file start-v8.cif (mmCIF, C-alpha atoms and all ligand atoms)
data_upload
#
loop_
_atom_site.label_atom_id
_atom_site.label_comp_id
_atom_site.auth_asym_id
_atom_site.auth_seq_id
_atom_site.Cartn_x
_atom_site.Cartn_y
_atom_site.Cartn_z
CA MET A 1219 189.22 146.01 101.75
CA THR A 1220 186.53 147.01 99.29
CA VAL A 1221 182.83 147.07 100.04
CA ALA A 1222 181.28 144.12 98.24
CA SER A 1223 177.96 145.67 97.27
CA ALA A 1224 178.42 147.69 94.09
CA GLN A 1225 177.01 151.22 94.19
CA PRO A 1226 173.65 150.69 92.47
CA TYR A 1227 172.98 154.43 91.88
CA ARG A 1228 175.05 155.82 89.03
CA ARG A 1229 174.95 158.67 86.56
CA SER A 1230 174.79 158.12 82.85
CA GLY A 1231 174.65 161.13 80.54
CA GLY A 1232 174.06 163.23 83.64
CA ALA A 1233 170.88 161.39 84.65
CA LEU A 1234 170.74 159.32 87.83
CA PHE A 1235 169.98 155.62 87.36
CA CYS A 1236 169.17 152.71 89.67
CA GLU A 1237 170.80 149.72 87.96
CA GLY A 1238 169.58 150.04 84.34
CA VAL A 1239 166.59 152.31 84.99
CA PRO A 1240 166.55 156.14 84.97
CA LEU A 1241 165.03 157.38 88.23
CA ALA A 1242 163.07 159.96 86.21
CA ASP A 1243 161.23 157.09 84.47
CA ILE A 1244 160.29 155.62 87.84
CA ALA A 1245 158.94 159.00 88.99
CA SER A 1246 156.79 159.43 85.91
CA ARG A 1247 155.47 155.88 86.12
CA PHE A 1248 154.84 155.61 89.87
CA GLY A 1249 154.75 159.23 91.05
CA THR A 1250 156.53 160.69 94.08
CA PRO A 1251 157.47 160.21 96.83
CA THR A 1252 158.58 156.67 96.00
CA TYR A 1253 161.11 154.39 97.59
CA VAL A 1254 163.36 152.63 95.07
CA TYR A 1255 165.35 149.49 95.91
CA SER A 1256 168.03 147.71 93.90
CA ARG A 1257 167.65 143.95 93.89
CA SER A 1258 171.29 143.34 93.04
CA ALA A 1259 172.52 145.61 95.84
CA ILE A 1260 170.43 143.74 98.42
CA GLU A 1261 171.60 140.37 97.15
CA ALA A 1262 175.24 141.47 96.98
CA ALA A 1263 175.14 142.84 100.52
CA PHE A 1264 173.69 139.57 101.84
CA ALA A 1265 176.21 137.54 99.84
CA ALA A 1266 179.06 139.51 101.40
CA TYR A 1267 178.03 138.09 104.79
CA ALA A 1268 177.15 134.61 103.55
CA ASP A 1269 180.36 134.22 101.52
CA ALA A 1270 182.57 135.30 104.40
CA LEU A 1271 180.88 132.69 106.63
CA ARG A 1272 181.07 129.87 104.07
CA GLY A 1273 182.75 126.73 105.35
CA ARG A 1274 181.71 127.15 108.96
CA PRO A 1275 178.40 126.54 110.72
CA SER A 1276 176.65 129.88 110.50
CA LEU A 1277 173.39 131.74 110.06
CA VAL A 1278 172.75 135.33 109.01
CA CYS A 1279 169.48 136.62 110.47
CA TYR A 1280 168.52 139.79 108.63
CA ALA A 1281 167.19 142.33 111.17
CA MET A 1282 163.98 143.02 109.34
CA LYS A 1283 162.98 146.13 111.23
CA ALA A 1284 165.37 147.92 108.86
CA ASN A 1285 163.05 147.20 105.92
CA SER A 1286 160.27 144.67 106.12
CA ASN A 1287 158.73 144.88 102.64
CA LEU A 1288 157.67 141.37 101.58
CA ALA A 1289 159.68 141.56 98.35
CA VAL A 1290 162.84 142.39 100.29
CA LEU A 1291 162.20 139.56 102.76
CA ASN A 1292 161.42 137.12 99.96
CA LEU A 1293 164.67 137.86 98.10
CA LEU A 1294 166.64 137.35 101.30
CA ALA A 1295 164.75 134.16 102.16
CA ARG A 1296 165.59 132.83 98.68
CA SER A 1297 169.26 133.62 99.40
CA GLY A 1298 169.07 131.48 102.53
CA SER A 1299 168.74 134.27 105.07
CA GLY A 1300 167.20 133.87 108.49
CA PHE A 1301 165.42 136.74 110.21
CA ASP A 1302 165.78 138.68 113.43
CA ILE A 1303 162.29 139.76 114.47
CA VAL A 1304 161.04 142.06 117.20
CA SER A 1305 157.27 141.47 117.10
CA GLY A 1306 154.56 138.99 116.20
CA GLY A 1307 153.76 141.21 113.22
CA GLU A 1308 157.27 140.70 111.89
CA LEU A 1309 156.94 136.93 112.30
CA ALA A 1310 153.73 137.02 110.25
CA ARG A 1311 155.61 138.95 107.56
CA VAL A 1312 158.45 136.39 107.47
CA ILE A 1313 155.95 133.59 106.95
CA ALA A 1314 153.98 135.58 104.33
CA ALA A 1315 157.23 136.25 102.46
CA GLY A 1316 158.21 132.57 102.35
CA GLY A 1317 160.85 132.76 105.07
CA ASP A 1318 161.70 129.76 107.24
CA PRO A 1319 160.52 130.17 110.87
CA ARG A 1320 163.23 127.70 111.91
CA LYS A 1321 165.73 130.41 110.96
CA VAL A 1322 164.02 133.11 113.05
CA VAL A 1323 165.39 134.63 116.25
CA PHE A 1324 163.03 136.75 118.32
CA SER A 1325 164.63 139.83 119.90
CA GLY A 1326 163.11 142.62 121.96
CA VAL A 1327 162.63 143.64 125.59
CA GLY A 1328 158.84 143.42 125.71
CA LYS A 1329 157.52 140.29 124.02
CA THR A 1330 153.93 139.59 125.03
CA ALA A 1331 152.57 136.17 126.01
CA ALA A 1332 150.52 136.16 122.79
CA GLU A 1333 153.62 136.83 120.69
CA ILE A 1334 155.55 134.12 122.52
CA ALA A 1335 152.72 131.63 121.84
CA GLN A 1336 152.64 132.63 118.16
CA ALA A 1337 156.41 132.12 117.87
CA LEU A 1338 156.31 128.78 119.69
CA ALA A 1339 153.54 127.58 117.39
CA ALA A 1340 155.70 128.57 114.40
CA ASP A 1341 158.63 126.67 115.96
CA ILE A 1342 161.14 129.52 115.66
CA LEU A 1343 164.84 128.87 116.15
CA CYS A 1344 165.29 130.87 119.33
CA PHE A 1345 163.97 133.47 121.77
CA ASN A 1346 166.65 136.03 122.61
CA LEU A 1347 165.81 136.70 126.26
CA GLU A 1348 166.40 139.97 128.02
CA SER A 1349 165.19 139.43 131.62
CA VAL A 1350 164.15 136.91 134.30
CA PRO A 1351 160.44 137.84 134.06
CA GLU A 1352 160.62 137.22 130.32
CA LEU A 1353 162.25 133.80 130.86
CA GLU A 1354 159.43 132.93 133.26
CA MET A 1355 156.80 134.12 130.80
CA VAL A 1356 158.30 131.94 128.04
CA GLU A 1357 158.35 128.94 130.39
CA ARG A 1358 154.69 129.50 131.38
CA VAL A 1359 153.55 129.73 127.76
CA ALA A 1360 155.64 126.70 126.76
CA VAL A 1361 154.17 124.63 129.61
CA ARG A 1362 150.66 125.61 128.58
CA MET A 1363 151.35 124.64 124.96
CA GLY A 1364 153.26 121.47 125.83
CA ARG A 1365 156.33 122.64 123.90
CA ARG A 1366 159.98 123.37 124.64
CA ALA A 1367 161.24 126.86 123.90
CA ARG A 1368 164.79 127.29 122.61
CA ILE A 1369 166.43 130.30 124.23
CA SER A 1370 169.50 132.48 124.14
CA VAL A 1371 170.37 135.24 126.60
CA ARG A 1372 171.05 138.69 125.23
CA VAL A 1373 174.04 139.82 127.19
CA ASN A 1374 174.73 143.48 127.71
CA PRO A 1375 178.53 143.39 127.43
CA ASP A 1376 178.88 147.02 128.55
CA VAL A 1377 181.02 148.13 125.61
CA ASP A 1378 180.77 151.54 124.00
CA PRO A 1379 180.44 151.45 120.21
CA LYS A 1380 180.78 155.27 120.19
CA THR A 1381 177.68 155.85 118.16
CA HIS A 1382 174.59 158.07 118.52
CA PRO A 1383 173.03 157.68 122.02
CA TYR A 1384 169.68 156.63 120.51
CA ILE A 1385 171.28 153.68 118.71
CA SER A 1386 173.84 152.59 121.28
CA THR A 1387 172.40 149.55 123.02
CA GLY A 1388 175.24 147.71 124.77
CA LEU A 1389 175.98 150.06 127.66
CA LYS A 1390 174.95 149.40 131.28
CA SER A 1391 172.63 152.40 131.11
CA ASN A 1392 170.59 150.99 128.19
CA LYS A 1393 167.28 149.20 128.58
CA PHE A 1394 168.57 146.36 126.39
CA GLY A 1395 170.05 143.04 127.38
CA VAL A 1396 170.88 141.34 130.65
CA ALA A 1397 173.53 143.00 132.79
CA TYR A 1398 176.78 141.11 132.51
CA ALA A 1399 176.77 140.14 136.20
CA ASP A 1400 173.20 138.79 135.99
CA THR A 1401 173.84 136.56 132.98
CA LEU A 1402 175.07 133.40 134.70
CA PRO A 1403 172.26 133.34 137.29
CA LEU A 1404 169.76 133.70 134.44
CA TYR A 1405 171.30 130.78 132.51
CA ARG A 1406 171.29 128.64 135.67
CA ARG A 1407 167.64 129.48 136.28
CA ALA A 1408 166.86 128.63 132.63
CA ALA A 1409 168.66 125.30 132.99
CA SER A 1410 166.34 124.39 135.87
CA LEU A 1411 163.14 124.91 133.86
CA SER A 1412 161.44 121.94 132.26
CA HIS A 1413 160.21 123.60 129.04
CA ILE A 1414 163.28 125.66 128.26
CA GLU A 1415 166.18 124.49 126.09
CA ILE A 1416 169.31 126.65 126.22
CA VAL A 1417 170.83 126.92 122.74
CA GLY A 1418 172.79 130.15 122.49
CA ILE A 1419 174.09 133.50 123.61
CA ASP A 1420 173.69 136.82 121.86
CA CYS A 1421 174.39 140.52 122.01
CA HIS A 1422 173.70 143.59 119.92
CA ILE A 1423 175.86 146.50 120.95
CA GLY A 1424 174.34 149.19 118.77
CA SER A 1425 173.97 150.51 115.29
CA ARG A 1426 176.12 152.51 112.88
CA ILE A 1427 179.32 150.89 114.11
CA ASN A 1428 182.39 151.83 112.10
CA ASP A 1429 185.02 149.79 113.84
CA VAL A 1430 185.71 146.10 114.46
CA ALA A 1431 187.18 146.73 117.93
CA PRO A 1432 183.93 147.03 119.95
CA TYR A 1433 182.69 143.78 118.36
CA LEU A 1434 185.84 141.98 119.48
CA GLU A 1435 185.53 143.43 122.95
CA ALA A 1436 181.93 142.18 123.12
CA ALA A 1437 182.98 138.81 121.65
CA ASP A 1438 185.55 138.29 124.40
CA ARG A 1439 182.99 139.03 127.09
CA LEU A 1440 180.49 136.62 125.50
CA LEU A 1441 183.12 133.90 125.13
CA ASP A 1442 184.06 134.28 128.81
CA ILE A 1443 180.45 133.40 129.64
CA VAL A 1444 180.43 130.52 127.13
CA ASP A 1445 183.47 129.08 128.94
CA VAL A 1446 181.91 129.36 132.39
CA LEU A 1447 178.68 127.78 131.13
CA ALA A 1448 180.65 124.89 129.62
CA GLY A 1449 182.22 124.38 133.07
CA ASP A 1450 178.66 124.08 134.42
CA GLY A 1451 177.83 121.48 131.77
CA ILE A 1452 175.81 123.91 129.63
CA GLU A 1453 177.06 123.64 126.02
CA LEU A 1454 175.76 126.31 123.66
CA ALA A 1455 175.06 125.59 120.00
CA HIS A 1456 175.37 129.15 118.72
CA ILE A 1457 176.96 132.52 119.39
CA ASP A 1458 175.15 135.54 117.91
CA PHE A 1459 177.06 138.83 117.68
CA GLY A 1460 174.08 140.95 116.61
CA GLY A 1461 174.06 143.55 113.86
CA GLY A 1462 175.11 147.15 113.67
CA LEU A 1463 177.61 147.63 110.84
CA ASP A 1464 177.32 151.13 109.43
CA ILE A 1465 177.09 152.12 105.78
CA ARG A 1466 178.60 155.07 103.97
CA TYR A 1467 176.09 157.91 104.21
CA ARG A 1468 178.72 160.61 103.71
CA ASP A 1469 182.34 159.85 104.52
CA GLU A 1470 182.03 156.93 106.96
CA THR A 1471 184.43 154.05 106.39
CA PRO A 1472 182.79 151.02 108.01
CA PRO A 1473 184.59 147.69 107.81
CA ALA A 1474 183.29 145.34 105.12
CA ALA A 1475 181.24 142.37 106.30
CA ALA A 1476 184.15 140.07 105.40
CA GLU A 1477 186.53 142.06 107.58
CA LEU A 1478 184.18 141.92 110.58
CA ILE A 1479 183.50 138.21 110.10
CA GLY A 1480 187.18 137.41 109.58
CA ALA A 1481 188.05 139.08 112.88
CA LEU A 1482 185.15 137.52 114.82
CA ALA A 1483 185.75 134.04 113.41
CA ALA A 1484 189.45 134.23 114.24
CA ARG A 1485 188.59 135.18 117.82
CA VAL A 1486 186.00 132.42 118.18
CA ASP A 1487 188.43 129.85 116.74
CA ARG A 1488 191.35 131.01 118.87
CA ARG A 1489 189.23 130.56 121.96
CA GLY A 1490 188.27 127.05 120.93
CA HIS A 1491 184.65 127.58 119.91
CA GLY A 1492 184.99 127.24 116.13
CA GLY A 1493 182.51 124.35 116.10
CA LYS A 1494 179.65 126.53 117.29
CA THR A 1495 177.25 128.19 114.87
CA LEU A 1496 178.33 131.79 114.32
CA MET A 1497 175.39 134.13 113.87
CA LEU A 1498 174.95 137.78 112.94
CA GLU A 1499 171.90 140.05 112.72
CA PRO A 1500 172.71 142.76 110.17
CA GLY A 1501 169.96 145.16 109.12
CA ARG A 1502 171.16 148.51 107.83
CA SER A 1503 174.18 147.12 105.97
CA ILE A 1504 171.97 144.70 104.00
CA VAL A 1505 169.37 147.16 102.70
CA GLY A 1506 170.62 150.71 103.36
CA PRO A 1507 172.74 151.32 100.25
CA ALA A 1508 170.15 149.61 98.03
CA GLY A 1509 167.46 152.22 98.64
CA ALA A 1510 166.69 155.77 97.54
CA LEU A 1511 163.73 158.01 98.24
CA LEU A 1512 162.56 159.81 95.11
CA THR A 1513 160.89 163.16 95.74
CA ARG A 1514 159.83 166.17 93.69
CA VAL A 1515 160.48 169.83 94.46
CA ASN A 1516 157.16 171.57 94.96
CA ILE A 1517 158.05 175.10 96.08
CA VAL A 1518 161.27 177.09 96.16
CA LYS A 1519 161.05 179.55 99.03
CA THR A 1520 163.84 182.09 99.32
CA GLY A 1521 164.38 184.46 102.22
CA ALA A 1522 166.83 186.82 103.82
CA GLU A 1523 168.11 184.22 106.28
CA LYS A 1524 167.47 180.92 104.57
CA ASN A 1525 166.31 179.28 101.38
CA PHE A 1526 164.07 176.26 101.36
CA LEU A 1527 163.34 173.57 98.83
CA ILE A 1528 159.93 172.31 99.88
CA VAL A 1529 159.59 168.79 98.49
CA ASP A 1530 156.75 166.26 98.45
CA ALA A 1531 158.50 163.82 100.82
CA ALA A 1532 158.53 164.58 104.53
CA MET A 1533 159.49 163.31 107.97
CA ASN A 1534 156.56 160.88 107.85
CA ASP A 1535 158.24 159.22 104.84
CA LEU A 1536 161.83 159.44 106.11
CA LEU A 1537 162.27 160.05 109.83
CA ARG A 1538 166.02 159.58 110.18
CA PRO A 1539 167.01 163.27 109.84
CA ALA A 1540 164.37 164.43 112.36
CA LEU A 1541 164.93 161.55 114.80
CA TYR A 1542 168.70 161.09 114.70
CA ASP A 1543 169.85 164.37 113.17
CA ALA A 1544 171.05 162.09 110.37
CA TRP A 1545 172.92 163.41 107.33
CA MET A 1546 171.64 161.92 104.11
CA ASP A 1547 172.98 162.48 100.61
CA VAL A 1548 170.53 164.32 98.35
CA GLN A 1549 171.23 164.26 94.62
CA PRO A 1550 169.47 165.93 91.70
CA VAL A 1551 168.00 163.26 89.43
CA GLN A 1552 168.59 165.28 86.25
CA PRO A 1553 171.45 167.70 85.64
CA HIS A 1554 170.41 171.31 86.16
CA GLY A 1555 172.11 174.21 84.38
CA GLY A 1556 171.08 176.84 86.95
CA LEU A 1557 173.13 178.47 89.66
CA PRO A 1558 173.45 176.44 92.87
CA ARG A 1559 172.21 178.01 96.08
CA THR A 1560 172.28 176.91 99.70
CA TYR A 1561 168.99 175.30 100.69
CA ASP A 1562 167.37 173.45 103.52
CA ILE A 1563 165.39 170.61 101.96
CA VAL A 1564 162.16 170.26 103.91
CA GLY A 1565 158.76 168.61 103.71
CA PRO A 1566 155.30 170.17 103.99
CA ILE A 1567 154.54 168.83 107.51
CA CYS A 1568 153.65 171.27 110.28
CA GLU A 1569 156.77 170.65 112.39
CA SER A 1570 160.07 172.52 112.42
CA GLY A 1571 161.70 169.09 112.72
CA ASP A 1572 160.37 168.20 109.28
CA TRP A 1573 163.55 168.37 107.27
CA LEU A 1574 165.45 165.92 105.07
CA ALA A 1575 168.71 167.82 104.60
CA ARG A 1576 170.18 171.14 105.65
CA GLN A 1577 172.52 173.64 104.08
CA ARG A 1578 172.97 171.91 100.73
CA GLN A 1579 174.43 173.55 97.65
CA ILE A 1580 172.10 172.61 94.85
CA ALA A 1581 170.51 174.10 91.74
CA ALA A 1582 166.81 173.30 91.59
CA GLU A 1583 163.43 174.64 90.56
CA PRO A 1584 159.86 173.51 91.09
CA GLY A 1585 159.16 170.19 89.38
CA ASP A 1586 162.74 168.93 89.68
CA LEU A 1587 163.32 165.45 91.06
CA LEU A 1588 165.67 164.72 93.93
CA ALA A 1589 166.91 161.38 95.24
CA VAL A 1590 167.77 160.83 98.91
CA LEU A 1591 170.40 158.10 98.79
CA GLY A 1592 171.17 155.44 101.40
CA ALA A 1593 167.47 155.35 102.32
CA GLY A 1594 166.86 151.60 102.11
CA ALA A 1595 167.15 151.04 105.87
CA TYR A 1596 164.94 152.64 108.53
CA GLY A 1597 163.15 154.60 105.80
CA MET A 1598 159.83 153.07 104.83
CA SER A 1599 159.85 150.84 107.92
CA MET A 1600 159.62 153.96 110.12
CA ALA A 1601 157.12 155.79 107.92
CA SER A 1602 153.86 157.02 109.42
CA ASN A 1603 150.65 158.67 108.30
CA TYR A 1604 151.25 161.91 110.21
CA ASN A 1605 149.32 164.81 108.69
CA SER A 1606 147.07 162.20 106.98
CA ARG A 1607 149.68 161.51 104.37
CA GLY A 1608 149.44 158.14 102.65
CA ARG A 1609 152.69 156.25 102.73
CA ALA A 1610 154.95 156.27 99.68
CA ALA A 1611 154.99 153.63 96.96
CA GLU A 1612 157.91 151.16 96.92
CA VAL A 1613 159.47 149.72 93.79
CA MET A 1614 162.22 147.17 93.21
CA VAL A 1615 164.58 147.53 90.26
CA ASP A 1616 165.98 144.35 88.73
CA GLY A 1617 168.28 145.21 85.86
CA GLU A 1618 166.11 147.05 83.34
CA ARG A 1619 162.82 146.05 84.98
CA VAL A 1620 160.87 147.79 87.71
CA TYR A 1621 158.35 146.04 89.97
CA GLU A 1622 155.92 147.88 92.23
CA VAL A 1623 156.32 146.06 95.56
CA ARG A 1624 153.95 148.28 97.53
CA ARG A 1625 151.48 150.62 95.95
CA ARG A 1626 150.95 154.12 97.26
CA GLU A 1627 148.42 154.32 100.11
CA THR A 1628 145.22 156.15 99.28
CA VAL A 1629 143.66 158.68 101.61
CA GLU A 1630 140.53 156.51 101.90
CA GLU A 1631 142.68 153.67 103.24
CA LEU A 1632 143.94 155.96 105.99
CA PHE A 1633 140.53 156.29 107.62
CA ALA A 1634 138.97 153.03 106.50
CA LEU A 1635 139.23 151.61 110.05
CA GLU A 1636 137.63 154.62 111.71
CA SER A 1637 133.99 155.38 112.48
CA THR A 1638 131.93 158.24 113.82
CA LEU A 1639 129.53 158.12 116.79
CA PRO A 1640 125.88 157.21 116.08
C1 LIG B 1701 168.14 146.73 115.13
C2 LIG B 1701 168.77 145.46 115.54
C3 LIG B 1701 169.70 144.85 114.69
C4 LIG B 1701 170.16 145.45 113.38
O1 LIG B 1701 170.90 146.63 113.55
P1 LIG B 1701 171.53 147.31 112.25
O2 LIG B 1701 172.23 148.49 112.80
O3 LIG B 1701 170.39 147.69 111.36
O4 LIG B 1701 172.44 146.33 111.61
C5 LIG B 1701 170.20 143.61 115.07
N1 LIG B 1701 169.82 143.02 116.24
C6 LIG B 1701 168.94 143.60 117.08
C7 LIG B 1701 168.58 142.91 118.33
C8 LIG B 1701 168.39 144.84 116.76
O5 LIG B 1701 167.53 145.41 117.61
#

call {"tool": "encode", "arguments": {"input": "start-v8.cif", "output": "structure tokens", "more": "lines below"}}
Ligand SMILES: *Cc1c(COP(=O)(O)O)cnc(C)c1O
result
Amino acid sequence: MTVASAQPYRRSGGALFCEGVPLADIASRFGTPTYVYSRSAIEAAFAAYADALRGRPSLVCYAMKANSNLAVLNLLARSGSGFDIVSGGELARVIAAGGDPRKVVFSGVGKTAAEIAQALAADILCFNLESVPELEMVERVAVRMGRRARISVRVNPDVDPKTHPYISTGLKSNKFGVAYADTLPLYRRAASLSHIEIVGIDCHIGSRINDVAPYLEAADRLLDIVDVLAGDGIELAHIDFGGGLDIRYRDETPPAAAELIGALAARVDRRGHGGKTLMLEPGRSIVGPAGALLTRVNIVKTGAEKNFLIVDAAMNDLLRPALYDAWMDVQPVQPHGGLPRTYDIVGPICESGDWLARQRQIAAEPGDLLAVLGAGAYGMSMASNYNSRGRAAEVMVDGERVYEVRRRETVEELFALESTLP
């Protein structure tokens, strides 16, 4: 099965383009480091999910922690997407971007009473609950506001997606979800509360999943619970299988969205629950391939042991290599006639963990542009101001046009909220 989203980064005459725009033009117009996103790649990736679900009750809730730029959210909202949020700040972004709160599910282990009140006031679709104390907090807030809160229980199905330990979330040892054995008591408690309406069940077993099998294993465990609940007279409206599909960073071969949905839908149908709304919460697979981080080589430092390309992007711009030991593809933006050498590509931050790529064969000199590909997810959304570095600009390419969707942060903005003692 082919991946539906076309590769938006291509070479033409040796130069690297995003859709119809040379990346070198973007660098000269907006400077570096700059995040570049392809509109068509985002829309195609969303359509791959939506098309595969067509004809059955369904909702795709984009997990916006992957990339929460308003322009990205707005495009997805226009495509009919819902949103999976993890904070009150993310809910405010959805609303600012024109998203529909009635298509929002609220995930996360530590929602505060204030965030719960904000979400109830916005009338979101569902709170994905992770514990008894959280259920009780939602009930208390709902009573105080005179509203009913729609809830789902995030089940920890105890399946191993065989991914990086930091992004595996569905094992017993993780902080996420409700232990399988505790799920039914939690639903029964929820059913006894006056301001709680049970509407669904959900799970999210991890990220960077390259196989359909762990999803089906989790699906079976969820459907077992759905059956028991039905026996108790609790009929659920939706089943939410979470997100987690990987993308191709290097040589990964994740299933296409259609393949995953085909398998899940067949399982749900076979077990007699085809009438329920099927939901997914993809993040990385919607925005990852659409994004690149453009950076410029500042210094070439050669040594007896190692050679370094010191670039103007750093771990504060793109944390994935430092945090997850992630491999990301780095491509020269213009062809270079020189001799390739083996380099570590690093930023200027005062940390040995500040690297973007290691041991790459590349020909480069100061002033050259590089593009870190597959950077659309968990790139800008994890960026910080460490070392008093303003965050990168973000631009969206649409065919031959380029829109600045977040301007570069100035240094003055970094300390605008601070003050000295009298
Ligand atoms: C992060 C997250 C997702 C999205 O994961 P991806 O790997 O980006 O698809 C979905 N659901 C929940 C609850 C999450 O925390």

call {"tool": "residues_near_ligand", "arguments": {"input": "start-v8.cif", "ligand": "ligand LIG 1701 (chain B)", "cutoff": "10 Å", "atoms": "all atoms listed in the file", "output": "number ranges by chain"}}
result
A: 1279-1285, 1301-1304, 1323-1327, 1346, 1372, 1385-1387, 1394-1395, 1420-1427, 1458-1465, 1498-1506, 1595-1596

call {"tool": "closest_residue", "arguments": {"input": "start-v8.cif", "among": "A:Tyr1255, A:Arg1406, A:Ala1331, A:Arg1489", "to": "A:Asp1450", "atoms": "only C-alpha atoms"}}
result
A:Arg1406

call {"tool": "closest_residue", "arguments": {"input": "start-v8.cif", "among": "A:Glu1352, A:Glu1333, A:Asp1469, A:Glu1523", "to": "A:Met1546", "atoms": "only C-alpha atoms"}}
result
A:Asp1469

call {"tool": "closest_residue", "arguments": {"input": "start-v8.cif", "among": "A:Leu1338, A:Val1396, A:Ala1593, A:Ala1360", "to": "A:Asp1376", "atoms": "only C-alpha atoms"}}
result
A:Val1396

call {"tool": "closest_residue", "arguments": {"input": "start-v8.cif", "among": "A:Ala1245, A:Val1356, A:Ile1260, A:Leu1482", "to": "A:Met1497", "atoms": "all atoms listed in the file"}}
result
A:Leu1482

call {"tool": "closest_residue", "arguments": {"input": "start-v8.cif", "among": "A:Leu1536, A:Ala1315, A:Asn1374, A:Ile1244", "to": "A:Gly1594", "atoms": "all atoms listed in the file"}}
result
A:Leu1536

call {"tool": "atom_distance", "arguments": {"input": "start-v8.cif", "atom1": "atom CA of A:Gly1418", "atom2": "atom CA of A:Ser1286"}}
result
25.2 Å

call {"tool": "residues_around", "arguments": {"input": "start-v8.cif", "residues": "stretch 1569-1576 of chain A", "least_positions_apart": "5", "cutoff": "10 Å", "atoms": "all atoms listed in the file", "output": "ChimeraX atom specification"}}
result
/A:1525-1529,1531-1541,1543-1548,1560-1564,1590

call {"tool": "atom_distance", "arguments": {"input": "start-v8.cif", "atom1": "atom CA of A:Ala1508", "atom2": "atom CA of A:Gly1317"}}
result
20.5 Å

call {"tool": "closest_residue", "arguments": {"input": "start-v8.cif", "among": "A:Glu1354, A:Glu1348, A:Asp1318, A:Glu1612", "to": "A:Gly1509", "atoms": "all atoms listed in the file"}}
result
A:Glu1612

call {"tool": "residues_near_point", "arguments": {"input": "start-v8.cif", "point": "(168.6, 140.2, 102.5)", "cutoff": "8 Å", "atoms": "only C-alpha atoms", "output": "ChimeraX atom specification"}}
result
/A:1260-1261,1263-1264,1280,1290-1291,1293-1295,1297,1299,1504-1505

call {"tool": "residues_around", "arguments": {"input": "start-v8.cif", "residues": "A:Arg1607", "least_positions_apart": "4", "cutoff": "8 Å", "atoms": "only C-alpha atoms", "output": "list in words"}}
result
Asn1534, Ser1602, Asn1603 and Val1629 of chain A

call {"tool": "atom_distance", "arguments": {"input": "start-v8.cif", "atom1": "atom CA of A:Met1600", "atom2": "atom CA of A:Leu1309"}}
result
17.4 Å

call {"tool": "residues_around", "arguments": {"input": "start-v8.cif", "residues": "A:Arg1274", "least_positions_apart": "5", "cutoff": "9 Å", "atoms": "all atoms listed in the file", "output": "ChimeraX atom specification"}}
result
/A:1492-1496

call {"tool": "residues_around", "arguments": {"input": "start-v8.cif", "residues": "A:Glu1631", "least_positions_apart": "2", "cutoff": "12 Å", "atoms": "all atoms listed in the file", "output": "count of residues only"}}
result
14

call {"tool": "residues_around", "arguments": {"input": "start-v8.cif", "residues": "A:Ala1339", "least_positions_apart": "5", "cutoff": "9 Å", "atoms": "all atoms listed in the file", "output": "VMD selection string"}}
result
chain A and resid 1334 1363 1365

call {"tool": "build_atoms", "arguments": {"input": "start-v8.cif", "residues": "stretch 1331-1338 of chain A", "atoms": "N, CA, C and O atoms", "output": "PDB file, in the coordinates of the input"}}
result
ATOM      1  N   ALA A1331     152.857 137.610 125.959  1.00  0.00           N
ATOM      2  CA  ALA A1331     152.570 136.170 126.010  1.00  0.00           C
ATOM      3  C   ALA A1331     151.973 135.701 124.683  1.00  0.00           C
ATOM      4  O   ALA A1331     152.276 134.600 124.211  1.00  0.00           O
ATOM      5  N   ALA A1332     151.130 136.538 124.065  1.00  0.00           N
ATOM      6  CA  ALA A1332     150.520 136.160 122.790  1.00  0.00           C
ATOM      7  C   ALA A1332     151.582 136.015 121.698  1.00  0.00           C
ATOM      8  O   ALA A1332     151.532 135.090 120.874  1.00  0.00           O
ATOM      9  N   GLU A1333     152.550 136.914 121.688  1.00  0.00           N
ATOM     10  CA  GLU A1333     153.620 136.830 120.690  1.00  0.00           C
ATOM     11  C   GLU A1333     154.499 135.604 120.924  1.00  0.00           C
ATOM     12  O   GLU A1333     154.948 134.945 119.970  1.00  0.00           O
ATOM     13  N   ILE A1334     154.732 135.295 122.196  1.00  0.00           N
ATOM     14  CA  ILE A1334     155.550 134.120 122.520  1.00  0.00           C
ATOM     15  C   ILE A1334     154.828 132.855 122.055  1.00  0.00           C
ATOM     16  O   ILE A1334     155.444 131.958 121.460  1.00  0.00           O
ATOM     17  N   ALA A1335     153.509 132.797 122.274  1.00  0.00           N
ATOM     18  CA  ALA A1335     152.720 131.630 121.840  1.00  0.00           C
ATOM     19  C   ALA A1335     152.760 131.504 120.321  1.00  0.00           C
ATOM     20  O   ALA A1335     152.925 130.400 119.776  1.00  0.00           O
ATOM     21  N   GLN A1336     152.607 132.627 119.630  1.00  0.00           N
ATOM     22  CA  GLN A1336     152.640 132.630 118.160  1.00  0.00           C
ATOM     23  C   GLN A1336     153.994 132.103 117.650  1.00  0.00           C
ATOM     24  O   GLN A1336     154.056 131.287 116.720  1.00  0.00           O
ATOM     25  N   ALA A1337     155.073 132.536 118.299  1.00  0.00           N
ATOM     26  CA  ALA A1337     156.410 132.120 117.870  1.00  0.00           C
ATOM     27  C   ALA A1337     156.674 130.651 118.198  1.00  0.00           C
ATOM     28  O   ALA A1337     157.330 129.951 117.423  1.00  0.00           O
ATOM     29  N   LEU A1338     156.152 130.196 119.342  1.00  0.00           N
ATOM     30  CA  LEU A1338     156.310 128.780 119.690  1.00  0.00           C
ATOM     31  C   LEU A1338     155.543 127.898 118.705  1.00  0.00           C
ATOM     32  O   LEU A1338     156.041 126.848 118.282  1.00  0.00           O
TER      33      LEU A1338
END
